[in-house]
$ cat start_10.cif   # mmCIF, N, CA and C atoms
data_work
#
loop_
_atom_site.label_atom_id
_atom_site.label_comp_id
_atom_site.auth_asym_id
_atom_site.auth_seq_id
_atom_site.Cartn_x
_atom_site.Cartn_y
_atom_site.Cartn_z
N MET N 750 9.44 -59.40 -1.74
CA MET N 750 8.12 -59.18 -2.28
C MET N 750 7.95 -57.73 -2.70
N ASP N 751 8.47 -56.81 -1.90
CA ASP N 751 8.38 -55.39 -2.24
C ASP N 751 9.12 -55.07 -3.53
N VAL N 752 10.27 -55.68 -3.71
CA VAL N 752 11.06 -55.43 -4.92
C VAL N 752 10.31 -55.94 -6.15
N LEU N 753 9.68 -57.09 -6.02
CA LEU N 753 8.91 -57.65 -7.13
C LEU N 753 7.72 -56.76 -7.47
N PHE N 754 6.99 -56.31 -6.45
CA PHE N 754 5.85 -55.42 -6.66
C PHE N 754 6.29 -54.10 -7.29
N GLU N 755 7.38 -53.53 -6.81
CA GLU N 755 7.91 -52.29 -7.36
C GLU N 755 8.34 -52.47 -8.82
N PHE N 756 8.99 -53.58 -9.12
CA PHE N 756 9.43 -53.85 -10.49
C PHE N 756 8.25 -53.98 -11.45
N ILE N 757 7.23 -54.71 -11.04
CA ILE N 757 6.05 -54.91 -11.89
C ILE N 757 5.32 -53.59 -12.10
N LEU N 758 5.14 -52.82 -11.04
CA LEU N 758 4.45 -51.54 -11.16
C LEU N 758 5.24 -50.56 -12.03
N GLU N 759 6.55 -50.53 -11.85
CA GLU N 759 7.39 -49.66 -12.67
C GLU N 759 7.36 -50.07 -14.14
N LEU N 760 7.38 -51.36 -14.39
CA LEU N 760 7.31 -51.87 -15.76
C LEU N 760 5.99 -51.49 -16.42
N ILE N 761 4.90 -51.65 -15.71
CA ILE N 761 3.58 -51.30 -16.26
C ILE N 761 3.48 -49.80 -16.48
N LEU N 762 3.90 -48.99 -15.51
CA LEU N 762 3.78 -47.54 -15.62
C LEU N 762 4.67 -46.99 -16.72
N GLU N 763 5.92 -47.41 -16.76
CA GLU N 763 6.83 -46.93 -17.80
C GLU N 763 6.39 -47.39 -19.19
N GLY N 764 5.91 -48.63 -19.28
CA GLY N 764 5.41 -49.14 -20.55
C GLY N 764 4.20 -48.37 -21.03
N THR N 765 3.32 -48.02 -20.12
CA THR N 765 2.13 -47.24 -20.46
C THR N 765 2.51 -45.86 -20.95
N ILE N 766 3.47 -45.22 -20.29
CA ILE N 766 3.90 -43.88 -20.70
C ILE N 766 4.56 -43.94 -22.08
N GLU N 767 5.40 -44.93 -22.32
CA GLU N 767 6.06 -45.05 -23.62
C GLU N 767 5.06 -45.35 -24.73
N LEU N 768 4.11 -46.24 -24.48
CA LEU N 768 3.11 -46.57 -25.49
C LEU N 768 2.20 -45.38 -25.80
N SER N 769 1.87 -44.61 -24.78
CA SER N 769 0.97 -43.48 -25.00
C SER N 769 1.64 -42.35 -25.75
N SER N 770 2.96 -42.28 -25.74
CA SER N 770 3.64 -41.21 -26.46
C SER N 770 4.09 -41.64 -27.87
N TYR N 771 3.90 -42.91 -28.22
CA TYR N 771 4.30 -43.43 -29.52
C TYR N 771 3.20 -43.13 -30.53
N LYS N 772 3.48 -42.31 -31.53
CA LYS N 772 2.47 -41.79 -32.45
C LYS N 772 1.94 -42.83 -33.44
N LYS N 773 2.62 -43.94 -33.64
CA LYS N 773 2.17 -44.94 -34.61
C LYS N 773 1.09 -45.86 -34.07
N ILE N 774 0.85 -45.81 -32.78
CA ILE N 774 -0.20 -46.62 -32.18
C ILE N 774 -1.53 -45.88 -32.34
N SER N 775 -2.60 -46.62 -32.54
CA SER N 775 -3.93 -46.05 -32.77
C SER N 775 -4.35 -45.12 -31.63
N LYS N 776 -5.11 -44.10 -31.99
CA LYS N 776 -5.61 -43.15 -30.99
C LYS N 776 -6.55 -43.83 -30.00
N TRP N 777 -7.21 -44.89 -30.43
CA TRP N 777 -8.13 -45.62 -29.56
C TRP N 777 -7.39 -46.34 -28.44
N ILE N 778 -6.11 -46.57 -28.61
CA ILE N 778 -5.30 -47.18 -27.56
C ILE N 778 -4.55 -46.12 -26.77
N ARG N 779 -4.01 -45.13 -27.48
CA ARG N 779 -3.19 -44.11 -26.83
C ARG N 779 -3.98 -43.23 -25.87
N TYR N 780 -5.16 -42.76 -26.27
CA TYR N 780 -5.91 -41.82 -25.43
C TYR N 780 -6.36 -42.43 -24.09
N PRO N 781 -6.86 -43.67 -24.06
CA PRO N 781 -7.15 -44.25 -22.74
C PRO N 781 -5.90 -44.44 -21.88
N LEU N 782 -4.76 -44.76 -22.51
CA LEU N 782 -3.52 -44.89 -21.73
C LEU N 782 -3.10 -43.55 -21.15
N ILE N 783 -3.23 -42.48 -21.94
CA ILE N 783 -2.91 -41.14 -21.44
C ILE N 783 -3.84 -40.80 -20.28
N PHE N 784 -5.11 -41.13 -20.40
CA PHE N 784 -6.08 -40.86 -19.35
C PHE N 784 -5.72 -41.62 -18.07
N ILE N 785 -5.36 -42.89 -18.20
CA ILE N 785 -5.02 -43.71 -17.03
C ILE N 785 -3.78 -43.17 -16.32
N VAL N 786 -2.75 -42.82 -17.09
CA VAL N 786 -1.53 -42.29 -16.49
C VAL N 786 -1.80 -40.94 -15.82
N SER N 787 -2.59 -40.09 -16.47
CA SER N 787 -2.91 -38.78 -15.91
C SER N 787 -3.69 -38.91 -14.61
N ILE N 788 -4.66 -39.82 -14.58
CA ILE N 788 -5.45 -40.03 -13.37
C ILE N 788 -4.57 -40.57 -12.24
N PHE N 789 -3.65 -41.47 -12.56
CA PHE N 789 -2.76 -42.03 -11.55
C PHE N 789 -1.91 -40.94 -10.90
N PHE N 790 -1.25 -40.11 -11.72
CA PHE N 790 -0.40 -39.06 -11.16
C PHE N 790 -1.22 -37.98 -10.46
N LEU N 791 -2.39 -37.67 -10.98
CA LEU N 791 -3.24 -36.68 -10.34
C LEU N 791 -3.72 -37.17 -8.98
N ALA N 792 -4.02 -38.45 -8.87
CA ALA N 792 -4.45 -39.01 -7.58
C ALA N 792 -3.33 -38.93 -6.55
N ILE N 793 -2.10 -39.22 -6.95
CA ILE N 793 -0.97 -39.13 -6.03
C ILE N 793 -0.76 -37.69 -5.57
N ILE N 794 -0.84 -36.74 -6.49
CA ILE N 794 -0.66 -35.33 -6.15
C ILE N 794 -1.78 -34.85 -5.23
N LEU N 795 -3.01 -35.25 -5.51
CA LEU N 795 -4.13 -34.85 -4.64
C LEU N 795 -4.02 -35.46 -3.26
N LEU N 796 -3.51 -36.69 -3.16
CA LEU N 796 -3.30 -37.29 -1.84
C LEU N 796 -2.24 -36.54 -1.04
N ILE N 797 -1.19 -36.07 -1.71
CA ILE N 797 -0.16 -35.29 -1.02
C ILE N 797 -0.75 -33.96 -0.53
N LEU N 798 -1.54 -33.30 -1.38
CA LEU N 798 -2.19 -32.05 -0.97
C LEU N 798 -3.17 -32.29 0.17
N LEU N 799 -3.94 -33.37 0.12
CA LEU N 799 -4.89 -33.68 1.18
C LEU N 799 -4.16 -33.98 2.49
N LEU N 800 -3.04 -34.65 2.41
CA LEU N 800 -2.24 -34.91 3.60
C LEU N 800 -1.74 -33.60 4.20
N GLY N 801 -1.28 -32.68 3.33
CA GLY N 801 -0.83 -31.38 3.82
C GLY N 801 -1.92 -30.59 4.50
N ILE N 802 -3.13 -30.68 3.97
CA ILE N 802 -4.25 -29.96 4.58
C ILE N 802 -4.69 -30.63 5.87
N SER N 803 -4.69 -31.95 5.91
CA SER N 803 -5.19 -32.66 7.09
C SER N 803 -4.24 -32.57 8.29
N ILE N 804 -2.96 -32.38 8.09
CA ILE N 804 -2.04 -32.29 9.23
C ILE N 804 -1.76 -30.85 9.64
N TYR N 805 -2.57 -29.92 9.16
CA TYR N 805 -2.34 -28.51 9.45
C TYR N 805 -2.38 -28.22 10.96
N LYS N 806 -3.29 -28.86 11.70
CA LYS N 806 -3.42 -28.58 13.13
C LYS N 806 -2.26 -29.15 13.94
N GLU N 807 -1.67 -30.26 13.48
CA GLU N 807 -0.57 -30.87 14.23
C GLU N 807 0.76 -30.16 13.99
N SER N 808 1.06 -29.86 12.74
CA SER N 808 2.35 -29.26 12.42
C SER N 808 2.18 -28.34 11.21
N ILE N 809 2.25 -27.06 11.47
CA ILE N 809 2.04 -26.08 10.40
C ILE N 809 3.18 -26.13 9.40
N ALA N 810 4.40 -26.25 9.87
CA ALA N 810 5.56 -26.26 8.97
C ALA N 810 5.53 -27.48 8.03
N LEU N 811 5.23 -28.65 8.57
CA LEU N 811 5.16 -29.85 7.76
C LEU N 811 3.98 -29.79 6.78
N SER N 812 2.89 -29.21 7.24
CA SER N 812 1.72 -29.03 6.37
C SER N 812 2.05 -28.14 5.18
N ILE N 813 2.71 -27.04 5.43
CA ILE N 813 3.10 -26.13 4.35
C ILE N 813 4.09 -26.82 3.40
N ALA N 814 4.99 -27.62 3.96
CA ALA N 814 5.96 -28.34 3.12
C ALA N 814 5.25 -29.32 2.18
N PHE N 815 4.25 -30.05 2.70
CA PHE N 815 3.50 -30.99 1.85
C PHE N 815 2.68 -30.25 0.79
N ILE N 816 2.09 -29.13 1.16
CA ILE N 816 1.30 -28.37 0.20
C ILE N 816 2.20 -27.82 -0.90
N ILE N 817 3.36 -27.30 -0.54
CA ILE N 817 4.31 -26.80 -1.53
C ILE N 817 4.80 -27.94 -2.43
N LEU N 818 5.06 -29.10 -1.83
CA LEU N 818 5.47 -30.27 -2.61
C LEU N 818 4.38 -30.68 -3.60
N GLY N 819 3.13 -30.69 -3.15
CA GLY N 819 2.03 -31.04 -4.04
C GLY N 819 1.87 -30.05 -5.18
N ILE N 820 2.01 -28.77 -4.90
CA ILE N 820 1.90 -27.75 -5.95
C ILE N 820 3.06 -27.87 -6.93
N ALA N 821 4.27 -28.11 -6.41
CA ALA N 821 5.43 -28.27 -7.29
C ALA N 821 5.29 -29.50 -8.19
N LEU N 822 4.79 -30.60 -7.63
CA LEU N 822 4.56 -31.80 -8.44
C LEU N 822 3.49 -31.56 -9.49
N PHE N 823 2.45 -30.80 -9.15
CA PHE N 823 1.39 -30.50 -10.10
C PHE N 823 1.92 -29.65 -11.26
N ILE N 824 2.71 -28.63 -10.95
CA ILE N 824 3.29 -27.78 -11.99
C ILE N 824 4.27 -28.58 -12.85
N GLY N 825 5.08 -29.41 -12.22
CA GLY N 825 6.01 -30.24 -12.97
C GLY N 825 5.31 -31.25 -13.87
N SER N 826 4.21 -31.81 -13.38
CA SER N 826 3.48 -32.77 -14.21
C SER N 826 2.80 -32.09 -15.39
N ILE N 827 2.34 -30.87 -15.22
CA ILE N 827 1.76 -30.12 -16.34
C ILE N 827 2.83 -29.85 -17.39
N ASN N 828 4.02 -29.44 -16.96
CA ASN N 828 5.11 -29.20 -17.90
C ASN N 828 5.52 -30.48 -18.63
N LYS N 829 5.59 -31.58 -17.92
CA LYS N 829 5.95 -32.85 -18.53
C LYS N 829 4.88 -33.31 -19.52
N PHE N 830 3.61 -33.14 -19.15
CA PHE N 830 2.52 -33.51 -20.04
C PHE N 830 2.55 -32.68 -21.32
N LYS N 831 2.79 -31.38 -21.17
CA LYS N 831 2.88 -30.53 -22.35
C LYS N 831 4.03 -30.92 -23.24
N SER N 832 5.18 -31.20 -22.66
CA SER N 832 6.34 -31.54 -23.48
C SER N 832 6.22 -32.92 -24.11
N LEU N 833 5.51 -33.83 -23.45
CA LEU N 833 5.41 -35.20 -23.96
C LEU N 833 4.28 -35.37 -24.96
N TYR N 834 3.14 -34.74 -24.74
CA TYR N 834 1.98 -35.02 -25.57
C TYR N 834 1.51 -33.85 -26.43
N LEU N 835 1.69 -32.62 -25.99
CA LEU N 835 1.07 -31.50 -26.69
C LEU N 835 1.99 -30.81 -27.68
N GLU N 836 3.26 -30.67 -27.37
CA GLU N 836 4.16 -29.96 -28.26
C GLU N 836 4.59 -30.85 -29.41
N LYS N 837 4.50 -30.31 -30.61
CA LYS N 837 4.92 -31.05 -31.80
C LYS N 837 6.44 -30.96 -31.92
N LYS N 838 7.06 -32.08 -32.12
CA LYS N 838 8.52 -32.10 -32.29
C LYS N 838 8.84 -32.04 -33.76
N ASP N 839 9.65 -31.06 -34.15
CA ASP N 839 10.00 -30.88 -35.56
C ASP N 839 11.25 -31.68 -35.85
N ASN N 840 11.11 -32.79 -36.56
CA ASN N 840 12.23 -33.67 -36.86
C ASN N 840 12.93 -33.29 -38.16
N ASN N 841 12.39 -32.35 -38.92
CA ASN N 841 12.97 -31.98 -40.20
C ASN N 841 14.20 -31.08 -40.05
N LYS N 842 14.33 -30.39 -38.94
CA LYS N 842 15.44 -29.43 -38.78
C LYS N 842 16.66 -30.07 -38.19
#
$ encode --input "start_10.cif" --output "structure tokens"
Amino acid sequence: MDVLFEFILELILEGTIELSSYKKISKWIRYPLIFIVSIFFLAIILLILLLGISIYKESIALSIAFIILGIALFIGSINKFKSLYLEKKDNNK
């Protein structure tokens, strides 16, 4: 059951990312897909940061590791978003 759930979720998420980066699809479809994917990844990153903050009293080292992981994921997602959606790719050269 877990494999089936993982496969369906991966198919939906990867399909959404591919559709949102395809320029021939209408903006009315692409922009909500970009919003949905961005909210999904932002929610995961915020949950990791919240976990790091909430376990601070139990284990400082693990808390710092989760906070650093959350910050690294946030920076990586900004770079990926910029490279996927914001930077124009010059196909003429």
$ atom_distance --input "start_10.cif" --atom1 "atom N of N:Phe823" --atom2 "atom N of N:Leu798"
9.1 Å
$ resolve_selection --input "start_10.cif" --expression "the PyMOL selection byres ((chain N and resi 770) around 8)" --output "list of chain:residue names"
N:Gly764, N:Thr765, N:Ile766, N:Glu767, N:Leu768, N:Ser769, N:Tyr771, N:Lys772, N:Lys773, N:Ile774, N:Arg779, N:Leu782, N:Ile783, N:Leu833, N:Tyr834
$ resolve_selection --input "start_10.cif" --expression "the PyMOL selection byres (((chain N and resi 814 and name CA) around 12) and name CA)" --output "list of chain:residue names"
N:Ile797, N:Leu798, N:Leu800, N:Gly801, N:Ile802, N:Ile804, N:Tyr805, N:Ser808, N:Ile809, N:Ala810, N:Leu811, N:Ser812, N:Ile813, N:Phe815, N:Ile816, N:Ile817, N:Leu818, N:Gly819, N:Ile820, N:Ala821
$ select_by_dssp --input "start_10.cif" --residues "chain N" --states "alpha helix (DSSP H)" --output "number ranges by chain"
N: 751-770, 776-803, 809-830
$ atom_distance --input "start_10.cif" --atom1 "atom CA of N:Ile824" --atom2 "atom C of N:Phe790"
11.3 Å
$ atom_distance --input "start_10.cif" --atom1 "atom CA of N:Ile794" --atom2 "atom CA of N:Leu822"
6.7 Å
$ axis_aligned_box --input "start_10.cif" --around "stretch 758-771 of chain N" --padding-each-side "4 Å" --output "lines of an AutoDock Vina configuration file"
center_x = 4.2
center_y = -47.0
center_z = -20.8
size_x = 14.4
size_y = 19.6
size_z = 27.5
